[in-house]
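start03.txt (compact mmCIF, C-alpha atoms)
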```
# COMPACT_ATOMS: atom_id res chain seq x y z
CA MET A 151 117.37 51.39 104.35
CA LYS A 152 115.36 48.74 102.51
CA GLU A 153 112.01 47.71 103.90
CA TRP A 154 112.03 43.97 104.46
CA ASP A 155 108.99 41.70 104.29
CA LEU A 156 109.49 38.76 106.65
CA LYS A 157 106.97 36.68 104.73
CA LYS A 158 109.08 36.90 101.57
CA LEU A 159 112.17 35.91 103.55
CA GLN A 160 110.28 32.92 104.98
CA ILE A 161 109.33 31.89 101.44
CA LEU A 162 112.97 32.13 100.34
CA ARG A 163 114.07 29.99 103.28
CA ALA A 164 111.30 27.46 102.57
CA LEU A 165 112.49 27.17 98.97
CA HIS A 166 116.04 26.59 100.18
CA ASP A 167 114.87 23.86 102.60
CA ALA A 168 112.34 22.19 100.30
CA GLY A 169 114.28 22.40 97.03
CA THR A 170 111.35 23.11 94.71
CA VAL A 171 108.67 25.78 94.40
CA THR A 172 105.95 23.14 94.65
CA ALA A 173 107.37 21.64 97.85
CA ALA A 174 107.93 25.08 99.38
CA ALA A 175 104.35 26.06 98.55
CA ALA A 176 103.03 22.90 100.19
CA ALA A 177 105.07 23.53 103.34
CA LEU A 178 103.79 27.11 103.54
CA ARG A 179 100.20 26.20 102.58
CA MET A 180 100.40 28.50 99.54
CA THR A 181 99.98 27.96 95.83
CA PRO A 182 103.10 27.58 93.67
CA SER A 183 102.09 30.66 91.66
CA ALA A 184 101.82 32.73 94.84
CA VAL A 185 105.30 31.59 95.91
CA SER A 186 106.73 32.48 92.49
CA GLN A 187 105.06 35.90 92.60
CA GLN A 188 106.50 36.66 96.04
CA LEU A 189 109.98 35.61 94.91
CA ALA A 190 109.70 37.83 91.84
CA THR A 191 108.69 40.76 94.05
CA LEU A 192 111.63 40.07 96.35
CA SER A 193 113.98 40.07 93.35
CA LYS A 194 112.69 43.49 92.30
CA GLN A 195 113.06 44.77 95.85
CA ILE A 196 116.74 43.84 96.16
CA GLY A 197 117.54 44.67 92.55
CA THR A 198 118.79 41.24 91.46
CA PRO A 199 117.19 37.80 90.91
CA VAL A 200 116.93 35.41 93.84
CA VAL A 201 116.14 32.40 91.63
CA GLU A 202 117.19 31.25 88.19
CA ALA A 203 115.93 28.50 85.91
CA ARG A 204 117.53 25.05 86.12
CA GLY A 205 115.95 22.46 83.88
CA ARG A 206 112.28 22.29 84.77
CA GLY A 207 112.84 23.88 88.14
CA VAL A 208 114.70 26.76 89.73
CA ARG A 209 117.74 27.22 91.95
CA LEU A 210 118.79 29.97 94.32
CA THR A 211 121.24 32.57 93.04
CA GLY A 212 124.34 33.78 94.82
CA ALA A 213 122.41 36.87 95.91
CA ALA A 214 119.78 34.62 97.47
CA GLN A 215 122.46 32.73 99.41
CA VAL A 216 123.79 36.03 100.80
CA LEU A 217 120.28 37.05 101.79
CA LEU A 218 119.61 33.67 103.40
CA ARG A 219 122.74 33.94 105.53
CA HIS A 220 121.48 37.19 107.01
CA THR A 221 117.91 35.92 107.16
CA GLU A 222 118.90 33.11 109.55
CA VAL A 223 120.51 35.68 111.84
CA VAL A 224 117.37 37.84 111.71
CA PHE A 225 115.02 34.95 112.47
CA ALA A 226 117.22 33.73 115.32
CA GLN A 227 117.20 37.22 116.80
CA LEU A 228 113.42 37.41 116.44
CA GLU A 229 113.17 34.07 118.25
CA ARG A 230 115.27 35.59 121.05
CA ALA A 231 112.98 38.59 121.20
CA GLY A 232 109.94 36.34 121.35
CA ALA A 233 111.53 34.19 124.04
CA GLU A 234 112.36 37.26 126.14
CA LEU A 235 108.86 38.66 125.78
CA GLU A 236 107.46 35.25 126.68
CA GLY A 237 109.52 35.27 129.84
CA TYR A 238 108.09 38.66 130.85
CA ALA A 239 104.55 37.67 129.96
CA ARG A 240 104.43 34.15 131.42
CA GLY A 241 107.27 33.73 133.86
CA ASP A 242 106.90 30.24 135.27
CA ALA A 243 103.65 29.46 133.47
CA GLY A 244 102.95 28.30 129.95
CA LEU A 245 102.96 25.44 127.48
CA VAL A 246 106.12 23.73 126.17
CA LYS A 247 105.75 21.10 123.43
CA VAL A 248 108.37 18.34 123.56
CA GLY A 249 108.97 16.03 120.59
CA THR A 250 110.85 12.89 121.56
CA ILE A 251 111.84 9.36 120.58
CA ALA A 252 109.87 6.61 122.32
CA THR A 253 112.63 5.29 124.61
CA ALA A 254 113.27 8.77 126.03
CA ILE A 255 109.66 9.26 127.15
CA SER A 256 109.68 7.06 130.24
CA ARG A 257 113.32 7.57 131.17
CA LEU A 258 113.78 11.30 130.50
CA VAL A 259 110.72 13.27 129.49
CA VAL A 260 108.24 11.93 132.05
CA PRO A 261 110.71 12.33 134.97
CA ALA A 262 111.43 15.87 133.75
CA ALA A 263 107.70 16.64 133.60
CA GLU A 264 107.28 15.31 137.15
CA LEU A 265 110.12 17.54 138.36
CA LEU A 266 108.45 20.54 136.72
CA ARG A 267 105.10 19.64 138.24
CA GLN A 268 106.73 19.89 141.66
CA SER A 269 108.75 23.09 141.08
CA ALA A 270 106.54 24.97 138.60
CA PRO A 271 103.05 23.46 138.47
CA ALA A 272 101.79 26.16 136.09
CA ILE A 273 104.09 24.89 133.31
CA THR A 274 102.39 22.38 131.04
CA VAL A 275 104.52 19.89 129.10
CA SER A 276 102.91 18.44 125.99
CA VAL A 277 104.68 15.29 124.71
CA ARG A 278 104.69 14.01 121.13
CA GLU A 279 106.39 10.75 120.16
CA ILE A 280 108.23 11.30 116.86
CA GLU A 281 110.79 9.28 114.90
CA ALA A 282 114.42 10.13 115.61
CA ALA A 283 115.20 12.16 112.47
CA ALA A 284 111.72 13.62 111.97
CA VAL A 285 111.72 15.28 115.39
CA PHE A 286 114.22 17.89 114.19
CA GLU A 287 112.04 18.63 111.16
CA GLU A 288 109.09 19.18 113.51
CA LEU A 289 111.26 21.47 115.62
CA ALA A 290 112.27 23.54 112.61
CA ALA A 291 108.63 23.83 111.56
CA GLY A 292 107.63 25.11 115.00
CA GLU A 293 105.45 22.09 115.76
CA VAL A 294 107.46 21.38 118.93
CA ASP A 295 109.58 23.61 121.17
CA VAL A 296 112.12 21.04 122.38
CA ALA A 297 113.40 17.95 120.54
CA VAL A 298 114.87 14.96 122.39
CA SER A 299 116.49 12.47 120.04
CA LEU A 300 119.64 10.66 118.95
CA ALA A 301 122.86 12.57 118.35
CA VAL A 302 123.42 10.58 115.16
CA ASP A 303 120.45 12.40 113.59
CA ALA A 304 121.02 15.79 115.22
CA PRO A 305 121.81 18.98 113.27
CA THR A 306 125.46 19.94 113.03
CA ALA A 307 126.97 22.68 115.16
CA ARG A 308 127.08 24.90 112.06
CA ASP A 309 123.32 24.72 111.45
CA PRO A 310 122.14 28.24 112.39
CA ARG A 311 118.57 27.11 112.99
CA PHE A 312 119.22 25.10 116.14
CA ALA A 313 120.97 25.02 119.49
CA VAL A 314 121.86 21.43 120.48
CA PHE A 315 122.73 20.23 124.00
CA PRO A 316 124.03 16.79 125.11
CA LEU A 317 121.88 15.02 127.70
CA LEU A 318 123.29 11.55 128.31
CA THR A 319 125.11 8.52 126.92
CA ASP A 320 123.01 5.35 126.77
CA PRO A 321 125.09 2.12 126.82
CA LEU A 322 124.12 -0.62 124.39
CA ASP A 323 123.62 -4.21 125.56
CA ILE A 324 123.15 -7.38 123.54
CA ALA A 325 119.79 -9.19 123.70
CA LEU A 326 120.04 -12.98 123.30
CA PRO A 327 117.39 -15.70 123.44
CA ILE A 328 117.05 -17.40 126.80
CA GLY A 329 119.26 -20.48 126.70
CA HIS A 330 121.61 -19.14 124.04
CA PRO A 331 125.09 -20.68 124.47
CA LEU A 332 126.60 -17.23 125.08
CA ALA A 333 123.85 -15.99 127.39
CA THR A 334 125.99 -16.73 130.45
CA ALA A 335 129.46 -16.48 128.92
CA PRO A 336 131.79 -14.22 130.94
CA GLY A 337 133.28 -11.11 129.32
CA LEU A 338 131.06 -11.31 126.22
CA ARG A 339 132.45 -9.42 123.20
CA LEU A 340 130.65 -8.34 120.04
CA ALA A 341 133.21 -10.16 117.91
CA ALA A 342 132.00 -13.47 119.38
CA LEU A 343 128.59 -12.80 117.80
CA ALA A 344 129.79 -12.25 114.24
CA GLU A 345 128.20 -15.50 112.97
CA GLU A 346 124.82 -14.87 114.59
CA SER A 347 121.56 -13.86 112.90
CA TRP A 348 120.96 -10.19 113.61
CA ILE A 349 117.84 -8.06 114.02
CA PHE A 350 117.90 -4.34 113.23
CA GLY A 351 116.09 -1.80 111.08
CA SER A 352 116.20 -1.74 107.30
CA ARG A 353 116.88 1.99 107.51
CA GLY A 354 117.15 4.74 110.10
CA PRO A 355 119.40 5.45 113.06
CA TRP A 356 119.28 2.02 114.67
CA ARG A 357 120.60 0.40 111.51
CA THR A 358 123.40 2.99 111.44
CA ILE A 359 124.25 2.46 115.11
CA THR A 360 124.22 -1.35 114.84
CA LEU A 361 126.38 -1.43 111.72
CA ALA A 362 128.85 1.03 113.24
CA ALA A 363 129.19 -0.94 116.49
CA CYS A 364 129.73 -4.21 114.62
CA ALA A 365 132.21 -2.55 112.25
CA ASP A 366 134.20 -1.39 115.28
CA ALA A 367 134.24 -5.04 116.40
CA GLY A 368 135.57 -6.12 113.00
CA PHE A 369 132.58 -7.66 111.20
CA VAL A 370 129.44 -6.93 109.20
CA PRO A 371 126.31 -8.41 110.83
CA GLU A 372 124.07 -10.69 108.78
CA GLN A 373 120.57 -9.23 108.98
CA ALA A 374 118.01 -12.01 109.46
CA HIS A 375 115.05 -9.76 110.28
CA ALA A 376 114.30 -6.05 109.81
CA ALA A 377 112.48 -4.36 112.68
CA ALA A 378 112.70 -0.96 114.34
CA ASP A 379 110.02 -1.20 117.04
CA TRP A 380 111.47 -2.36 120.36
CA PRO A 381 108.59 -4.71 121.32
CA ALA A 382 108.93 -6.33 117.87
CA ILE A 383 112.70 -6.69 118.27
CA PHE A 384 112.41 -8.21 121.74
CA SER A 385 109.68 -10.58 120.53
CA LEU A 386 111.88 -11.83 117.70
CA VAL A 387 114.80 -12.35 120.09
CA ALA A 388 112.57 -14.10 122.65
CA ALA A 389 111.39 -16.46 119.90
CA GLY A 390 115.00 -17.47 119.20
CA MET A 391 115.00 -15.86 115.75
CA GLY A 392 118.10 -13.74 116.23
CA ILE A 393 119.99 -11.30 118.44
CA ALA A 394 120.01 -7.51 118.65
CA LEU A 395 121.84 -4.56 120.10
CA VAL A 396 119.48 -2.78 122.50
CA PRO A 397 119.88 0.47 124.45
CA GLN A 398 119.66 0.19 128.20
CA MET A 399 116.87 2.78 128.12
CA ALA A 400 114.75 0.25 126.22
CA THR A 401 115.44 -2.78 128.42
CA VAL A 402 112.89 -2.06 131.12
CA GLY A 403 109.77 -3.83 132.29
CA GLY A 404 109.06 -7.45 131.53
CA TRP A 405 111.42 -7.87 128.60
CA ARG A 406 114.32 -8.84 130.86
CA ARG A 407 112.34 -11.95 131.88
CA LEU A 408 111.86 -13.02 128.24
CA VAL A 409 115.35 -12.47 126.83
CA ALA A 410 118.92 -12.57 128.13
CA VAL A 411 120.32 -9.03 128.18
CA ARG A 412 124.10 -8.93 128.49
CA PRO A 413 126.37 -5.90 128.89
CA LEU A 414 129.29 -5.37 126.51
CA ASP A 415 131.67 -3.73 128.96
CA ALA A 416 134.80 -4.46 126.92
CA ASP A 417 133.40 -3.04 123.67
CA ARG A 418 131.39 -0.20 125.26
CA PRO A 419 129.05 0.59 122.34
CA VAL A 420 126.78 3.54 123.12
CA ARG A 421 124.20 5.87 121.66
CA ARG A 422 124.03 9.52 122.66
CA ILE A 423 120.84 11.43 123.46
CA VAL A 424 120.64 15.17 122.84
CA ALA A 425 118.09 17.94 123.21
CA ALA A 426 117.66 20.68 120.63
CA VAL A 427 115.71 23.93 120.42
CA ARG A 428 115.36 26.58 117.73
CA ALA A 429 118.24 29.05 117.84
CA GLY A 430 117.41 31.91 120.18
CA THR A 431 114.66 30.16 122.13
CA GLU A 432 117.16 28.65 124.59
CA GLU A 433 117.17 32.06 126.29
CA GLY A 434 113.43 31.93 127.02
CA ALA A 435 112.37 31.25 130.61
CA LEU A 436 110.10 28.33 129.80
CA VAL A 437 112.55 26.53 127.55
CA ARG A 438 115.36 27.07 130.06
CA ARG A 439 113.18 25.57 132.78
CA VAL A 440 112.34 22.51 130.69
CA MET A 441 115.96 22.02 129.62
CA GLY A 442 117.03 22.19 133.26
CA ALA A 443 114.48 19.53 134.17
CA LEU A 444 115.67 17.27 131.35
CA ARG A 445 119.28 17.60 132.51
CA HIS A 446 118.21 16.84 136.09
CA ALA A 447 116.26 13.77 134.93
CA ALA A 448 119.36 12.57 133.05
CA GLU A 449 121.45 12.95 136.20
CA LEU A 450 118.94 10.89 138.19
CA ASP A 451 118.74 8.01 135.69
CA PRO A 452 120.66 5.09 137.26
CA PHE A 453 121.07 3.14 134.03
CA VAL A 454 122.85 5.62 131.81
CA LYS A 455 125.95 7.79 131.87
CA LEU A 456 126.03 11.56 131.53
CA ASN A 457 127.81 13.03 128.51
```
Kindly return the structure encoded in the file as structure tokens.
Amino acid sequence: MKEWDLKKLQILRALHDAGTVTAAAAALRMTPSAVSQQLATLSKQIGTPVVEARGRGVRLTGAAQVLLRHTEVVFAQLERAGAELEGYARGDAGLVKVGTIATAISRLVVPAAELLRQSAPAITVSVREIEAAAVFEELAAGEVDVAVSLAVDAPTARDPRFAVFPLLTDPLDIALPIGHPLATAPGLRLAALAEESWIFGSRGPWRTITLAACADAGFVPEQAHAAADWPAIFSLVAAGMGIALVPQMATVGGWRRLVAVRPLDADRPVRRIVAAVRAGTEEGALVRRVMGALRHAAELDPFVKLN
């Protein structure tokens, strides 16, 4: 049986994820020469090259792809082992780091943390606000233990690094300036807003969601302003500078007094919120407890619908 060095396998996986030796070295806090040396040693160990030259860089060989496929299984199993040992060692106590989008903090993560404080006060939940797509990168890097984000940015079911779980469906409303002619129109449809000036991000998930919802309604929205921060979007709408699709999870507090928020019951545009963990860790006691609290918080939210 070959003796495997987990560090070399981590370097191989980092090269696969990063694409270049330099980027992999930066991610691992190593020098590029050290990464190259470790890959050369790994090639000698398995008896065939794991990288080959391609232009000024390198690419993984077929042998490396075979090794990576098994490596993901090994690392997932090691995560399971760690999660099981953690359960024995800590039980209902410990630290769980949650990375989450901003709108999920007040409506999902904080209620979940309050539920845990009542049922398991020795569990500490540490919350980090992270952009929708970046949260899964932080999860993969081990910077957070649980990611709460948009399904549109979530890993696919075939990604062996993650386990993904649906939490809830968040309906999308339309935010109009106070006094807009359609602010009180009955049965408002997205198609009636095709000629309006729209506000959404220049990139990222909210641009994707807005364009998709409008495409389903049969038009391409004219973007008057680019903004991704909800206070900025609501401020632009309140100033009469345009309209925007907004998730119900974001339409809380004083914004409803400054803009007209209308449901789109006939069109039913939505965004879906999911939670993800690294493959194998879902079996750990702490992560299971936090996931249960998140699901419970989703069930208690009166403004959204469960998946």
Subject >> Residues within 10 Å of stretch 335-339 of chain A, all atoms listed in the file, excluding chain neighbours under 5 positions, as a PyMOL selection string >> reply: chain A and resi 324+330+344+367+412-418
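If you count all atoms listed in the file and draw a sphere of 10 Å around (119.4, 11.1, 111.8), the protein and nucleic acid residues inside it come out as Glu281, Ala282, Ala283, Ala284, Val285, Phe286, Ser299, Leu300, Ala301, Val302, Asp303, Ala304, Pro305, Gly354, Pro355, Trp356 and Thr358 of chain A.
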**OP:** Might you pull out every residue within 8 Å of A:Val208, with all atoms listed in the file counted and same-chain residues fewer than 5 positions away left off, and present them as a list in words?
**Re:** Thr170, Val171, Val201, Glu202 and Ala203 of chain A
Subject >> Separation of atom CA of A:Ala362 from atom CA of A:Thr253 in Å >> reply: 20.3 Å
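Coordinates place atom CA of A:Leu317 at a distance of 21.0 Å from atom CA of A:Leu395.
Within a radius of 12 Å around (115.6, -19.9, 116.2), the polymer residues are A:Leu326, A:Pro327, A:Ile328, A:Gly329, A:His330, A:Glu346, A:Ser347, A:Trp348, A:Ala374, A:His375, A:Ser385, A:Leu386, A:Val387, A:Ala388, A:Ala389, A:Gly390, A:Met391, A:Gly392, A:Ile393, counting all atoms listed in the file.
Among the candidates A:Ala175, A:Val396, A:Ala290, A:Met441, the one nearest to A:Pro310 when counting only C-alpha atoms is A:Ala290.
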Would you compute, for all listed atoms of stretch 241-258 of chain A, the axis-aligned bounding box grown by 4 Å on each side, and then report its centre and edge lengths in Å rounded to one decimal, as lines of an AutoDock Vina configuration file?
```
center_x = 108.4
center_y = 19.5
center_z = 127.9
size_x = 18.8
size_y = 36.4
size_z = 22.7
```
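Closest to A:Val409 among A:Ala176, A:Val260, A:Leu343, A:Ala333 is A:Ala333, based on all atoms listed in the file.
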Subject >> Length of the atom CA of A:Gln160 to atom CA of A:Val248 vector [Å] >> reply: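 Interatomic distance here is 23.7 Å.
Of the listed residues (A:Arg163, A:Lys194, A:Lys247, A:Arg204), A:Lys247 comes nearest to A:Leu436; the distances count only C-alpha atoms.
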Subject >> Using all atoms listed in the file: which of A:Pro271, A:Gly368, A:Gly232, A:Gly351 has the shortest distance to A:Arg428 >> reply: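 Smallest separation from A:Arg428 among the options: A:Gly232.
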**OP:** May I ask which of the residues A:Leu159, A:Leu245, A:Leu258, A:Ala184 is the closest one to A:Glu449, counting only C-alpha atoms?
**Re:**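 Among A:Leu159, A:Leu245, A:Leu258, A:Ala184, it is A:Leu258 that comes nearest to A:Glu449.
Across A:Ala173, A:Ala365, A:Ala394, A:Ala243, the tightest approach to A:Ile349 is made by A:Ala394 when counting all atoms listed in the file.
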Mind rebuilding stretch 168-192 of chain A with N, CA and C atoms and writing that out as a compact mmCIF listing (two decimals), in the frame of the given file?
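Output file result_34.txt follows:
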```
# COMPACT_ATOMS: atom_id res chain seq x y z
N ALA A 168 113.15 23.17 101.01
CA ALA A 168 112.34 22.19 100.30
C ALA A 168 112.93 21.80 98.95
N GLY A 169 113.62 22.72 98.30
CA GLY A 169 114.28 22.40 97.03
C GLY A 169 113.50 22.73 95.78
N THR A 170 112.17 22.77 95.87
CA THR A 170 111.35 23.11 94.71
C THR A 170 110.26 24.08 95.12
N VAL A 171 109.75 24.83 94.13
CA VAL A 171 108.67 25.78 94.40
C VAL A 171 107.43 25.04 94.89
N THR A 172 107.14 23.90 94.27
CA THR A 172 105.95 23.14 94.65
C THR A 172 106.04 22.66 96.10
N ALA A 173 107.20 22.13 96.48
CA ALA A 173 107.37 21.64 97.85
C ALA A 173 107.34 22.78 98.85
N ALA A 174 107.96 23.91 98.50
CA ALA A 174 107.93 25.08 99.38
C ALA A 174 106.51 25.58 99.56
N ALA A 175 105.74 25.62 98.48
CA ALA A 175 104.35 26.06 98.55
C ALA A 175 103.53 25.16 99.46
N ALA A 176 103.75 23.84 99.34
CA ALA A 176 103.03 22.90 100.19
C ALA A 176 103.37 23.11 101.66
N ALA A 177 104.65 23.33 101.95
CA ALA A 177 105.07 23.53 103.34
C ALA A 177 104.48 24.81 103.92
N LEU A 178 104.30 25.82 103.08
CA LEU A 178 103.79 27.11 103.54
C LEU A 178 102.28 27.24 103.40
N ARG A 179 101.64 26.18 102.85
CA ARG A 179 100.20 26.20 102.58
C ARG A 179 99.83 27.36 101.63
N MET A 180 100.63 27.51 100.59
CA MET A 180 100.40 28.50 99.54
C MET A 180 100.33 27.79 98.20
N THR A 181 99.93 28.51 97.17
CA THR A 181 99.98 27.96 95.83
C THR A 181 101.36 28.21 95.24
N PRO A 182 101.81 27.35 94.31
CA PRO A 182 103.10 27.58 93.67
C PRO A 182 103.17 28.93 92.96
N SER A 183 102.07 29.37 92.35
CA SER A 183 102.09 30.66 91.66
C SER A 183 102.26 31.81 92.64
N ALA A 184 101.66 31.69 93.84
CA ALA A 184 101.82 32.73 94.84
C ALA A 184 103.26 32.79 95.33
N VAL A 185 103.89 31.62 95.50
CA VAL A 185 105.30 31.59 95.91
C VAL A 185 106.17 32.24 94.84
N SER A 186 105.94 31.90 93.58
CA SER A 186 106.73 32.48 92.49
C SER A 186 106.55 33.99 92.42
N GLN A 187 105.32 34.45 92.63
CA GLN A 187 105.06 35.90 92.60
C GLN A 187 105.80 36.63 93.71
N GLN A 188 105.81 36.04 94.91
CA GLN A 188 106.50 36.66 96.04
C GLN A 188 108.01 36.69 95.80
N LEU A 189 108.55 35.64 95.20
CA LEU A 189 109.98 35.61 94.91
C LEU A 189 110.34 36.64 93.84
N ALA A 190 109.46 36.82 92.87
CA ALA A 190 109.70 37.83 91.84
C ALA A 190 109.68 39.23 92.45
N THR A 191 108.76 39.46 93.37
CA THR A 191 108.69 40.76 94.05
C THR A 191 109.94 41.01 94.89
N LEU A 192 110.41 39.95 95.55
CA LEU A 192 111.63 40.07 96.35
C LEU A 192 112.82 40.40 95.46
```
